[in-house]
>>> print(open('structure30.cif').read())   # mmCIF, C-alpha atoms
data_upload
#
loop_
_atom_site.label_atom_id
_atom_site.label_comp_id
_atom_site.auth_asym_id
_atom_site.auth_seq_id
_atom_site.Cartn_x
_atom_site.Cartn_y
_atom_site.Cartn_z
CA MET H 1 -9.39 -31.92 25.73
CA SER H 2 -8.64 -31.36 22.07
CA LYS H 3 -11.18 -28.54 21.93
CA GLU H 4 -9.48 -26.89 24.89
CA LEU H 5 -6.14 -26.99 23.06
CA LEU H 6 -7.67 -25.60 19.89
CA PHE H 7 -9.18 -22.81 22.00
CA LYS H 8 -5.75 -21.96 23.38
CA TYR H 9 -4.22 -22.03 19.90
CA VAL H 10 -6.85 -19.69 18.43
CA LEU H 11 -6.67 -17.44 21.48
CA THR H 12 -2.94 -16.86 20.98
CA LEU H 13 -3.54 -15.86 17.36
CA GLY H 14 -6.27 -13.47 18.50
CA ASP H 15 -4.15 -12.03 21.31
CA ASP H 16 -1.25 -11.33 18.96
CA ALA H 17 -3.48 -9.36 16.60
CA LEU H 18 -5.32 -7.57 19.41
CA ILE H 19 -2.22 -6.44 21.30
CA LEU H 20 -0.38 -5.38 18.16
CA GLY H 21 -3.47 -3.54 16.93
CA GLN H 22 -3.75 -1.70 20.26
CA ARG H 23 -0.07 -0.73 20.10
CA LEU H 24 -0.40 0.59 16.55
CA SER H 25 -3.52 2.54 17.47
CA GLN H 26 -1.40 4.50 19.94
CA TRP H 27 0.18 6.19 16.91
CA VAL H 28 -3.14 7.74 15.89
CA TYR H 29 -2.72 11.55 15.63
CA LYS H 30 0.98 11.14 16.59
CA GLY H 31 2.28 9.81 13.26
CA PRO H 32 5.36 11.50 11.78
CA PHE H 33 3.15 13.04 9.09
CA LEU H 34 -0.47 12.81 8.02
CA GLU H 35 -0.12 10.09 5.38
CA GLU H 36 1.91 7.80 7.65
CA ASP H 37 -0.48 8.43 10.52
CA ILE H 38 -3.29 7.12 8.32
CA ALA H 39 -1.16 4.18 7.14
CA LEU H 40 -0.50 3.08 10.74
CA SER H 41 -4.18 3.50 11.62
CA ASN H 42 -5.17 1.36 8.65
CA ILE H 43 -2.77 -1.40 9.69
CA SER H 44 -4.06 -1.15 13.26
CA LEU H 45 -7.62 -1.61 12.00
CA ASP H 46 -6.55 -4.66 9.97
CA MET H 47 -5.19 -6.11 13.21
CA PHE H 48 -8.40 -5.43 15.13
CA GLY H 49 -10.37 -7.04 12.33
CA ARG H 50 -8.15 -10.09 12.49
CA ALA H 51 -8.36 -10.18 16.31
CA ASN H 52 -12.14 -10.10 16.07
CA LEU H 53 -12.24 -13.10 13.72
CA PHE H 54 -9.93 -15.18 15.92
CA LEU H 55 -11.53 -14.17 19.22
CA GLU H 56 -15.05 -14.83 17.96
CA TYR H 57 -13.94 -18.26 16.89
CA ALA H 58 -12.24 -18.79 20.25
CA ALA H 59 -15.39 -17.66 22.07
CA SER H 60 -17.49 -20.15 20.10
CA LEU H 61 -15.09 -22.93 21.09
CA LYS H 62 -15.33 -21.88 24.73
CA GLY H 63 -19.09 -22.25 24.54
CA SER H 64 -21.65 -21.07 27.09
CA THR H 65 -22.13 -17.30 26.90
CA THR H 66 -18.51 -16.26 26.32
CA THR H 67 -18.13 -13.49 23.73
CA ALA H 68 -15.11 -12.10 21.86
CA ASP H 69 -15.44 -8.93 23.96
CA ASP H 70 -15.23 -10.97 27.17
CA LEU H 71 -11.96 -12.44 25.94
CA ALA H 72 -10.56 -9.06 24.95
CA PHE H 73 -11.64 -6.98 27.93
CA LYS H 74 -12.10 -9.30 30.90
CA ARG H 75 -8.90 -11.28 31.06
CA ASN H 76 -5.86 -10.40 33.13
CA GLU H 77 -2.30 -10.02 31.95
CA ARG H 78 -1.32 -13.58 32.88
CA GLU H 79 -4.21 -14.94 30.81
CA PHE H 80 -2.95 -13.31 27.60
CA SER H 81 -0.79 -15.58 25.47
CA ASN H 82 0.48 -13.19 22.79
CA HIS H 83 4.14 -13.16 21.79
CA ILE H 84 5.97 -10.58 23.87
CA LEU H 85 7.27 -8.85 20.74
CA CYS H 86 3.70 -7.63 20.05
CA GLU H 87 3.41 -5.81 23.38
CA GLN H 88 6.73 -3.93 23.15
CA PRO H 89 6.25 -0.14 23.32
CA ASN H 90 6.13 1.91 20.14
CA GLY H 91 9.32 3.77 21.06
CA ASN H 92 10.42 5.93 18.16
CA PHE H 93 9.22 5.34 14.61
CA ALA H 94 12.19 3.05 13.89
CA ASN H 95 11.29 0.84 16.89
CA THR H 96 7.73 0.50 15.63
CA MET H 97 8.91 -0.36 12.12
CA ALA H 98 11.43 -2.95 13.39
CA ARG H 99 8.71 -4.64 15.48
CA GLN H 100 6.31 -4.57 12.55
CA PHE H 101 8.93 -5.82 10.10
CA PHE H 102 9.83 -8.87 12.24
CA LEU H 103 6.16 -9.71 12.76
CA ASP H 104 5.03 -9.08 9.18
CA ALA H 105 7.79 -11.33 7.83
CA PHE H 106 6.74 -14.01 10.31
CA TYR H 107 3.01 -13.75 9.58
CA LYS H 108 3.57 -13.77 5.84
CA LEU H 109 5.09 -17.24 6.22
CA PHE H 110 2.82 -18.35 9.05
CA PHE H 111 -0.48 -17.60 7.32
CA GLU H 112 0.65 -19.27 4.10
CA LYS H 113 0.98 -22.47 6.14
CA LEU H 114 -2.14 -21.89 8.23
CA ALA H 115 -4.14 -21.52 5.02
CA GLU H 116 -3.51 -25.25 4.52
CA SER H 117 -4.98 -26.06 7.95
CA GLU H 118 -7.58 -28.82 8.11
CA ASP H 119 -9.59 -26.53 10.36
CA GLU H 120 -11.77 -24.67 7.85
CA GLN H 121 -12.28 -21.64 10.03
CA LEU H 122 -8.56 -21.12 10.61
CA SER H 123 -7.81 -21.72 6.94
CA ALA H 124 -10.37 -19.08 5.93
CA ILE H 125 -9.04 -16.46 8.36
CA ALA H 126 -5.49 -17.21 7.19
CA GLN H 127 -6.41 -16.71 3.54
CA LYS H 128 -7.93 -13.33 4.30
CA SER H 129 -4.90 -12.36 6.40
CA ILE H 130 -2.34 -13.23 3.70
CA LYS H 131 -3.48 -10.32 1.51
CA GLU H 132 -3.27 -7.84 4.37
CA THR H 133 0.05 -9.13 5.63
CA THR H 134 1.61 -8.96 2.17
CA TYR H 135 0.86 -5.25 2.13
CA HIS H 136 1.95 -4.72 5.74
CA PHE H 137 5.27 -6.37 4.96
CA ARG H 138 5.77 -4.17 1.93
CA HIS H 139 5.11 -1.10 4.08
CA SER H 140 7.37 -2.03 7.02
CA SER H 141 10.25 -3.54 5.03
CA LYS H 142 10.46 -0.48 2.77
CA TRP H 143 10.67 1.73 5.85
CA VAL H 144 13.47 -0.41 7.30
CA ILE H 145 15.37 -0.01 4.02
CA ARG H 146 14.58 3.69 3.71
CA LEU H 147 15.73 4.49 7.26
CA GLY H 148 18.65 2.03 7.31
CA ASP H 149 19.99 3.31 4.01
CA GLY H 150 19.03 6.92 4.79
CA THR H 151 20.93 9.52 6.79
CA ALA H 152 23.58 8.74 9.43
CA GLU H 153 21.01 9.47 12.15
CA SER H 154 18.22 7.35 10.66
CA HIS H 155 20.69 4.49 10.07
CA GLU H 156 21.80 4.56 13.68
CA LYS H 157 18.23 4.65 15.01
CA MET H 158 17.12 1.82 12.73
CA GLN H 159 20.10 -0.34 13.76
CA SER H 160 19.41 0.32 17.46
CA ALA H 161 15.77 -0.65 16.97
CA ILE H 162 16.73 -3.92 15.25
CA ASP H 163 19.24 -4.68 18.02
CA ASP H 164 16.81 -3.84 20.84
CA LEU H 165 13.96 -6.02 19.57
CA TRP H 166 16.02 -8.96 18.34
CA MET H 167 15.83 -10.67 21.75
CA PHE H 168 12.08 -11.22 21.26
CA SER H 169 12.31 -12.76 17.79
CA ASP H 170 13.10 -16.36 18.75
CA GLU H 171 9.84 -16.73 20.64
CA LEU H 172 7.95 -16.60 17.35
CA PHE H 173 9.38 -20.00 16.43
CA GLU H 174 9.02 -21.79 19.77
CA MET H 175 6.72 -24.80 19.74
CA ASN H 176 4.89 -25.55 22.98
CA GLU H 177 2.57 -28.43 23.87
CA VAL H 178 -0.42 -26.75 22.22
CA ASP H 179 1.49 -26.07 18.99
CA ASN H 180 2.77 -29.62 18.76
CA ASN H 181 -0.67 -31.06 19.35
CA MET H 182 -2.20 -28.80 16.68
CA LEU H 183 0.56 -29.74 14.28
CA THR H 184 -0.10 -33.47 14.80
CA GLN H 185 -3.75 -32.87 14.00
CA LYS H 186 -2.80 -30.93 10.85
CA ILE H 187 -4.52 -27.85 12.26
CA GLY H 188 -1.52 -25.80 13.31
CA VAL H 189 1.72 -24.57 11.76
CA ASP H 190 5.22 -25.98 12.25
CA CYS H 191 7.01 -22.76 13.16
CA LEU H 192 10.40 -24.47 13.18
CA THR H 193 10.19 -25.06 9.44
CA ILE H 194 9.49 -21.42 8.63
CA LYS H 195 12.45 -20.13 10.68
CA ALA H 196 14.98 -20.61 7.87
CA LYS H 197 12.82 -18.70 5.41
CA TRP H 198 12.24 -15.93 7.95
CA ASP H 199 16.01 -15.65 8.47
CA GLN H 200 16.47 -15.37 4.73
CA ILE H 201 13.86 -12.62 4.35
CA ILE H 202 15.29 -10.68 7.30
CA ASP H 203 18.85 -10.99 5.95
CA GLU H 204 17.84 -9.79 2.48
CA VAL H 205 16.10 -6.70 3.80
CA LEU H 206 18.80 -5.88 6.37
CA SER H 207 21.45 -6.20 3.70
CA GLU H 208 19.59 -3.85 1.34
CA ALA H 209 19.14 -1.48 4.30
CA THR H 210 22.92 -1.61 5.02
CA LEU H 211 22.06 -2.85 8.52
CA LYS H 212 23.77 -5.59 10.54
CA ARG H 213 22.01 -8.71 11.74
CA PRO H 214 22.44 -8.80 15.56
CA GLU H 215 24.65 -11.57 16.94
CA ASN H 216 25.06 -13.20 20.34
CA ILE H 217 21.90 -11.66 21.78
CA HIS H 218 20.33 -13.37 24.78
CA MET H 219 16.82 -14.44 23.74
CA THR H 220 13.77 -14.12 25.96
CA SER H 221 10.28 -15.61 25.81
CA GLY H 222 7.31 -16.56 27.98
CA GLY H 223 4.36 -14.71 26.46
CA ARG H 224 2.71 -17.92 25.28
CA GLU H 225 2.63 -19.09 28.92
CA GLY H 226 1.37 -15.74 30.21
CA ILE H 227 4.76 -14.48 31.40
CA HIS H 228 4.95 -11.00 29.91
CA THR H 229 7.16 -7.95 30.04
CA GLU H 230 6.02 -5.09 32.30
CA HIS H 231 4.56 -3.28 29.30
CA LEU H 232 1.50 -5.49 28.78
CA GLY H 233 -0.16 -4.56 32.09
CA HIS H 234 -0.06 -0.87 31.22
CA LEU H 235 -1.43 -1.52 27.76
CA LEU H 236 -4.32 -3.58 29.17
CA SER H 237 -5.19 -1.04 31.87
CA ASP H 238 -5.68 1.48 29.09
CA MET H 239 -7.49 -0.86 26.69
CA GLN H 240 -9.75 -2.48 29.32
CA TYR H 241 -10.49 0.63 31.39
CA LEU H 242 -14.05 1.15 30.23
CA GLN H 243 -15.22 -2.43 30.74
CA ARG H 244 -13.50 -2.58 34.12
CA ALA H 245 -14.94 0.73 35.34
CA TYR H 246 -18.41 0.21 33.82
CA PRO H 247 -18.90 -3.55 33.46
CA GLY H 248 -21.21 -4.48 30.59
CA ALA H 249 -21.27 -0.95 29.14
CA GLU H 250 -22.41 -0.92 25.52
CA TRP H 251 -22.60 1.63 22.73
CA MET S 1 10.16 14.44 10.35
CA SER S 2 7.91 17.18 9.12
CA ASN S 3 6.00 16.89 5.88
CA ASN S 4 7.38 20.30 4.91
CA ASN S 5 10.49 18.39 3.88
CA LEU S 6 8.67 15.97 1.64
CA PRO S 7 7.75 16.69 -1.96
CA THR S 8 4.14 16.33 -3.09
CA TRP S 9 2.93 13.83 -5.68
CA GLU S 10 -0.26 13.94 -7.74
CA VAL S 11 -2.42 10.83 -7.53
CA PHE S 12 -4.44 9.39 -10.39
CA ILE S 13 -6.83 6.50 -9.86
CA GLN S 14 -8.24 4.17 -12.48
CA PRO S 15 -11.77 3.38 -11.26
CA LYS S 16 -11.98 0.14 -13.24
CA THR S 17 -9.94 -1.79 -15.78
CA GLY S 18 -9.86 -0.02 -19.14
CA ALA S 19 -11.23 3.28 -17.78
CA SER S 20 -9.32 6.56 -17.88
CA PHE S 21 -7.23 7.54 -14.87
CA GLU S 22 -8.78 10.38 -12.89
CA HIS S 23 -7.03 12.91 -10.70
CA ALA S 24 -7.82 12.09 -7.06
CA GLY S 25 -5.65 14.50 -5.08
CA ASN S 26 -2.09 14.55 -3.79
CA VAL S 27 0.17 13.05 -1.12
CA HIS S 28 3.49 13.79 0.55
CA ALA S 29 6.25 11.22 0.00
CA SER S 30 10.02 10.99 -0.18
CA ASP S 31 10.17 8.41 -2.97
CA LYS S 32 8.08 6.58 -5.59
CA GLU S 33 7.24 3.57 -3.43
CA MET S 34 6.15 5.74 -0.50
CA ALA S 35 4.05 7.88 -2.84
CA LEU S 36 2.31 4.77 -4.17
CA GLN S 37 1.68 3.41 -0.67
CA ASN S 38 0.42 6.73 0.69
CA ALA S 39 -1.89 7.11 -2.32
CA ARG S 40 -3.22 3.62 -1.62
CA GLU S 41 -3.81 4.53 2.05
CA LEU S 42 -5.56 7.83 1.33
CA TYR S 43 -7.49 7.28 -1.86
CA THR S 44 -8.38 3.59 -2.19
CA ARG S 45 -9.64 2.76 1.30
CA ARG S 46 -13.08 2.01 -0.08
CA GLN S 47 -12.11 0.00 -3.16
CA GLU S 48 -12.14 3.09 -5.38
CA GLY S 49 -9.66 1.75 -7.90
CA THR S 50 -7.88 -1.01 -9.74
CA CYS S 51 -4.66 0.90 -10.49
CA ILE S 52 -2.82 3.97 -9.20
CA TRP S 53 -0.50 6.41 -10.92
CA VAL S 54 1.62 8.86 -8.95
CA VAL S 55 3.69 11.61 -10.49
CA LYS S 56 5.77 14.28 -8.81
CA THR S 57 3.83 17.53 -8.75
CA GLU S 58 6.89 19.43 -9.99
CA ASP S 59 7.03 17.17 -13.07
CA ILE S 60 3.59 18.27 -14.22
CA VAL S 61 3.63 21.01 -16.83
CA SER S 62 0.61 23.27 -16.52
CA SER S 63 -0.66 26.04 -18.76
CA ASN S 64 -0.65 29.41 -17.11
CA PRO S 65 -4.01 30.93 -16.01
CA GLU S 66 -3.01 34.23 -17.64
CA ASP S 67 -2.66 32.39 -20.94
CA GLN S 68 -6.29 31.35 -20.72
CA GLN S 69 -7.54 33.78 -23.43
CA SER S 70 -4.82 33.07 -25.96
CA PHE S 71 -5.06 29.31 -25.34
CA PHE S 72 -8.77 28.73 -25.30
CA ASP S 73 -10.77 31.63 -26.68
CA PRO S 74 -9.76 31.16 -30.34
CA ALA S 75 -11.98 28.09 -30.32
CA ASP S 76 -15.17 30.01 -29.48
CA ASP S 77 -16.05 30.99 -33.07
CA LYS S 78 -15.28 27.63 -34.65
CA LEU S 79 -18.60 25.94 -34.36
CA TYR S 80 -17.66 23.51 -37.13
CA ARG S 81 -15.49 21.76 -34.57
CA TYR S 82 -18.66 20.45 -32.94
CA PRO S 83 -20.36 17.46 -34.58
CA THR S 84 -23.75 19.21 -34.17
CA PHE S 85 -22.61 21.87 -36.70
CA PHE S 86 -23.13 19.43 -39.52
CA LYS S 87 -26.46 18.36 -40.99
CA VAL S 88 -26.88 14.64 -41.15
CA SER S 89 -28.26 13.28 -44.40
CA LYS S 90 -31.55 11.49 -43.93
CA LYS S 91 -30.19 8.71 -46.07
CA ALA S 92 -27.37 8.00 -43.65
CA LYS S 93 -28.32 5.06 -41.53
CA GLY S 94 -26.87 3.56 -38.43
CA LEU S 95 -25.54 6.82 -36.97
#
>>> encode(input="structure30.cif", output="structure tokens")
Amino acid sequence: MSKELLFKYVLTLGDDALILGQRLSQWVYKGPFLEEDIALSNISLDMFGRANLFLEYAASLKGSTTTADDLAFKRNEREFSNHILCEQPNGNFANTMARQFFLDAFYKLFFEKLAESEDEQLSAIAQKSIKETTYHFRHSSKWVIRLGDGTAESHEKMQSAIDDLWMFSDELFEMNEVDNNMLTQKIGVDCLTIKAKWDQIIDEVLSEATLKRPENIHMTSGGREGIHTEHLGHLLSDMQYLQRAYPGAEW
Amino acid sequence: MSNNNLPTWEVFIQPKTGASFEHAGNVHASDKEMALQNARELYTRRQEGTCIWVVKTEDIVSSNPEDQQSFFDPADDKLYRYPTFFKVSKKAKGL
């Protein structure tokens, strides 16, 4: 039973990285200019690397012949448990940076805690991820500031992006049955305790960016239970096409 | 945004601690932080360095190619500027 819960916990971490990585990869060759195109591709690759570590661990917990690829390419939308913020479309560049900024700030805090996990595997992946996430946060937060405190047009677009994605931010801190069980076993992270710090980081950056923190926004969630926005299905049909059309195809 | 609007920056990488910085290439960027990040993305993907310098291309002062003769040719008949010009005494040890 406990192994099943750990599997679910690790799977969510893998799904977050996989779906976000896939989203970022959709910027390849479409970046606003060459250098930023490469920056987004690099971050996308970091996410795929992280997804691979988590999904391989999840596959080993599942046992039998399950592989990380099976988990990535042969599950349906309802079986994915990523946060719905990760699957939101790239939109314009400000939308992508707002999504990344919220998630990077969260993961910076999350992985610091996960590094203290009593599960050695999770602790090791977290320690590796902290270095990457520190850089990702630097990249996305500077863009939020640059665009927020930029021209009238960039300010307006950045504010709209923050407002539009705010409704998905609360889900990052929700604790379900799996999370609470993992926390009791000193394996998982108490997301409620990192919320205050996340708020502080977000407020500092928004203030420097001359942007307003959204208020009275109706929050939505459900990704952890497989209830996603309509965008995930489209993303998966693209990502999983090859394995669905040619099952078992290999390089 | 088009990169035509962005100034270019010259990138210098220090391969290892204590070594001289070497010119690696250039990047487009609107400010110092972006220049540093773009340099990191383009030139240190394979652990090429331990430190990065970026400097605005327009801030670099270069000698003019047409000044080449007046700048550099006067040195061509001054062999005594090379250490090999001088005979080393056989008595000198530890050189």
>>> resolve_selection(input="structure30.cif", expression="the PyMOL selection byres ((chain S) within 10 of (chain H))", output="ChimeraX atom specification")
/S:1-4,6,27-31,33-35,37-42,45
>>> residues_around(input="structure30.cif", residues="S:Ile13", least_positions_apart="4", cutoff="10 Å", atoms="all atoms listed in the file", output="NGL selection string")
:S and (19-25 or 39-40 or 43-44 or 48-54)
>>> resolve_selection(input="structure30.cif", expression="the PyMOL selection byres ((chain H and resi 161-164) around 8)", output="ChimeraX atom specification")
/H:94-95,98,157-160,165-167,213-214
>>> atom_distance(input="structure30.cif", atom1="atom CA of S:Trp9", atom2="atom CA of H:Val144")
22.0 Å
>>> residues_around(input="structure30.cif", residues="S:Glu10", least_positions_apart="4", cutoff="6 Å", atoms="only C-alpha atoms", output="list in words")
Asn26, Val54, Val55 and Thr57 of chain S
>>> resolve_selection(input="structure30.cif", expression="the PyMOL selection byres ((chain H and resi 189-205) around 9)", output="PyMOL selection string")
chain H and resi 101-102+105-106+109-111+113-114+116-117+141-142+144-145+170+172-175+179-180+182-183+186-188+206-213
>>> atom_distance(input="structure30.cif", atom1="atom CA of H:Gly226", atom2="atom CA of H:Ser25")
22.8 Å
>>> atom_distance(input="structure30.cif", atom1="atom CA of S:Ala75", atom2="atom CA of S:Val61")
21.8 Å
>>> closest_residue(input="structure30.cif", among="H:Arg23, H:Arg244, H:Lys8, H:Lys3", to="H:Gln88", atoms="all atoms listed in the file")
H:Arg23
>>> axis_aligned_box(input="structure30.cif", around="stretch 80-92 of chain S", padding_each_side="4 Å", output="lines of an AutoDock Vina configuration file")
center_x = -23.5
center_y = 15.8
center_z = -39.5
size_x = 24.1
size_y = 23.5
size_z = 21.1
>>> residues_around(input="structure30.cif", residues="H:Arg50", least_positions_apart="6", cutoff="12 Å", atoms="all atoms listed in the file", output="list in words")
Val10, Leu11, Leu13, Gly14, Asp15, Asp16, Ala17, Leu18, Ile19, Leu20, Gly21, Ile43, Ser44, Glu56, Tyr57, Ala68, Phe111, Leu122, Ala124, Ile125, Ala126, Gln127, Lys128, Ser129, Ile130, Lys131, Glu132 and Thr133 of chain H
>>> residues_near_point(input="structure30.cif", point="(-16.7, -2.7, 33.1)", cutoff="12 Å", atoms="only C-alpha atoms", output="PyMOL selection string")
chain H and resi 69-70+73-75+237+239-250
>>> decode(input="structure30.cif", residues="stretch 6-85 of chain S", atoms="C-alpha atoms", output="PDB file, in the first residue's frame")
ATOM      1  CA  LEU S   6      19.013  44.456 -29.347  1.00  0.00           C
ATOM      2  CA  PRO S   7      22.628  45.526 -28.959  1.00  0.00           C
ATOM      3  CA  THR S   8      25.399  42.933 -29.206  1.00  0.00           C
ATOM      4  CA  TRP S   9      27.755  42.010 -26.378  1.00  0.00           C
ATOM      5  CA  GLU S  10      31.160  40.343 -26.610  1.00  0.00           C
ATOM      6  CA  VAL S  11      31.565  37.229 -24.487  1.00  0.00           C
ATOM      7  CA  PHE S  12      34.758  36.201 -22.728  1.00  0.00           C
ATOM      8  CA  ILE S  13      35.064  32.860 -20.968  1.00  0.00           C
ATOM      9  CA  GLN S  14      37.580  31.858 -18.338  1.00  0.00           C
ATOM     10  CA  PRO S  15      38.266  28.161 -19.022  1.00  0.00           C
ATOM     11  CA  LYS S  16      39.466  27.489 -15.478  1.00  0.00           C
ATOM     12  CA  THR S  17      40.182  29.410 -12.297  1.00  0.00           C
ATOM     13  CA  GLY S  18      43.250  31.617 -12.661  1.00  0.00           C
ATOM     14  CA  ALA S  19      43.407  31.296 -16.461  1.00  0.00           C
ATOM     15  CA  SER S  20      43.065  34.237 -18.840  1.00  0.00           C
ATOM     16  CA  PHE S  21      39.634  35.062 -20.229  1.00  0.00           C
ATOM     17  CA  GLU S  22      39.284  34.154 -23.891  1.00  0.00           C
ATOM     18  CA  HIS S  23      36.985  35.687 -26.462  1.00  0.00           C
ATOM     19  CA  ALA S  24      34.220  33.184 -27.235  1.00  0.00           C
ATOM     20  CA  GLY S  25      31.847  35.105 -29.517  1.00  0.00           C
ATOM     21  CA  ASN S  26      28.926  37.461 -29.052  1.00  0.00           C
ATOM     22  CA  VAL S  27      25.252  37.540 -28.057  1.00  0.00           C
ATOM     23  CA  HIS S  28      22.253  39.832 -28.416  1.00  0.00           C
ATOM     24  CA  ALA S  29      20.819  41.231 -25.172  1.00  0.00           C
ATOM     25  CA  SER S  30      18.959  44.267 -23.882  1.00  0.00           C
ATOM     26  CA  ASP S  31      20.761  44.494 -20.533  1.00  0.00           C
ATOM     27  CA  LYS S  32      23.721  43.148 -18.529  1.00  0.00           C
ATOM     28  CA  GLU S  33      21.829  40.324 -16.838  1.00  0.00           C
ATOM     29  CA  MET S  34      20.332  39.104 -20.120  1.00  0.00           C
ATOM     30  CA  ALA S  35      23.763  39.272 -21.768  1.00  0.00           C
ATOM     31  CA  LEU S  36      25.233  37.147 -18.983  1.00  0.00           C
ATOM     32  CA  GLN S  37      22.406  34.600 -19.187  1.00  0.00           C
ATOM     33  CA  ASN S  38      22.509  34.384 -22.977  1.00  0.00           C
ATOM     34  CA  ALA S  39      26.290  33.934 -22.867  1.00  0.00           C
ATOM     35  CA  ARG S  40      25.794  31.131 -20.362  1.00  0.00           C
ATOM     36  CA  GLU S  41      23.196  29.483 -22.640  1.00  0.00           C
ATOM     37  CA  LEU S  42      25.293  29.732 -25.810  1.00  0.00           C
ATOM     38  CA  TYR S  43      28.867  29.282 -24.703  1.00  0.00           C
ATOM     39  CA  THR S  44      28.963  27.185 -21.527  1.00  0.00           C
ATOM     40  CA  ARG S  45      26.563  24.349 -22.368  1.00  0.00           C
ATOM     41  CA  ARG S  46      29.383  21.847 -22.133  1.00  0.00           C
ATOM     42  CA  GLN S  47      31.097  23.097 -18.983  1.00  0.00           C
ATOM     43  CA  GLU S  48      33.506  25.283 -20.958  1.00  0.00           C
ATOM     44  CA  GLY S  49      34.074  27.782 -18.191  1.00  0.00           C
ATOM     45  CA  THR S  50      34.196  28.865 -14.591  1.00  0.00           C
ATOM     46  CA  CYS S  51      33.471  32.566 -15.152  1.00  0.00           C
ATOM     47  CA  ILE S  52      31.971  34.775 -17.860  1.00  0.00           C
ATOM     48  CA  TRP S  53      32.626  38.384 -18.807  1.00  0.00           C
ATOM     49  CA  VAL S  54      30.301  40.283 -21.119  1.00  0.00           C
ATOM     50  CA  VAL S  55      30.982  43.737 -22.469  1.00  0.00           C
ATOM     51  CA  LYS S  56      28.962  45.812 -24.894  1.00  0.00           C
ATOM     52  CA  THR S  57      30.491  45.562 -28.349  1.00  0.00           C
ATOM     53  CA  GLU S  58      30.260  49.334 -28.772  1.00  0.00           C
ATOM     54  CA  ASP S  59      32.363  49.807 -25.625  1.00  0.00           C
ATOM     55  CA  ILE S  60      35.308  47.961 -27.122  1.00  0.00           C
ATOM     56  CA  VAL S  61      37.948  50.219 -28.633  1.00  0.00           C
ATOM     57  CA  SER S  62      39.657  48.578 -31.582  1.00  0.00           C
ATOM     58  CA  SER S  63      42.674  49.636 -33.603  1.00  0.00           C
ATOM     59  CA  ASN S  64      41.877  50.341 -37.209  1.00  0.00           C
ATOM     60  CA  PRO S  65      42.984  47.794 -39.861  1.00  0.00           C
ATOM     61  CA  GLU S  66      44.392  50.640 -41.963  1.00  0.00           C
ATOM     62  CA  ASP S  67      46.646  51.559 -39.048  1.00  0.00           C
ATOM     63  CA  GLN S  68      48.181  48.103 -39.183  1.00  0.00           C
ATOM     64  CA  GLN S  69      51.513  49.228 -40.721  1.00  0.00           C
ATOM     65  CA  SER S  70      52.084  52.196 -38.451  1.00  0.00           C
ATOM     66  CA  PHE S  71      51.031  50.195 -35.377  1.00  0.00           C
ATOM     67  CA  PHE S  72      52.836  46.933 -35.873  1.00  0.00           C
ATOM     68  CA  ASP S  73      55.543  47.099 -38.522  1.00  0.00           C
ATOM     69  CA  PRO S  74      57.989  49.254 -36.517  1.00  0.00           C
ATOM     70  CA  ALA S  75      58.588  46.187 -34.379  1.00  0.00           C
ATOM     71  CA  ASP S  76      59.892  44.048 -37.258  1.00  0.00           C
ATOM     72  CA  ASP S  77      63.526  45.252 -37.101  1.00  0.00           C
ATOM     73  CA  LYS S  78      63.850  45.149 -33.327  1.00  0.00           C
ATOM     74  CA  LEU S  79      65.051  41.651 -32.810  1.00  0.00           C
ATOM     75  CA  TYR S  80      66.442  42.568 -29.399  1.00  0.00           C
ATOM     76  CA  ARG S  81      62.870  42.526 -28.153  1.00  0.00           C
ATOM     77  CA  TYR S  82      62.940  38.742 -28.420  1.00  0.00           C
ATOM     78  CA  PRO S  83      64.676  36.825 -25.625  1.00  0.00           C
ATOM     79  CA  THR S  84      66.408  34.631 -28.251  1.00  0.00           C
ATOM     80  CA  PHE S  85      68.393  37.707 -29.425  1.00  0.00           C
TER      81      PHE S  85
END
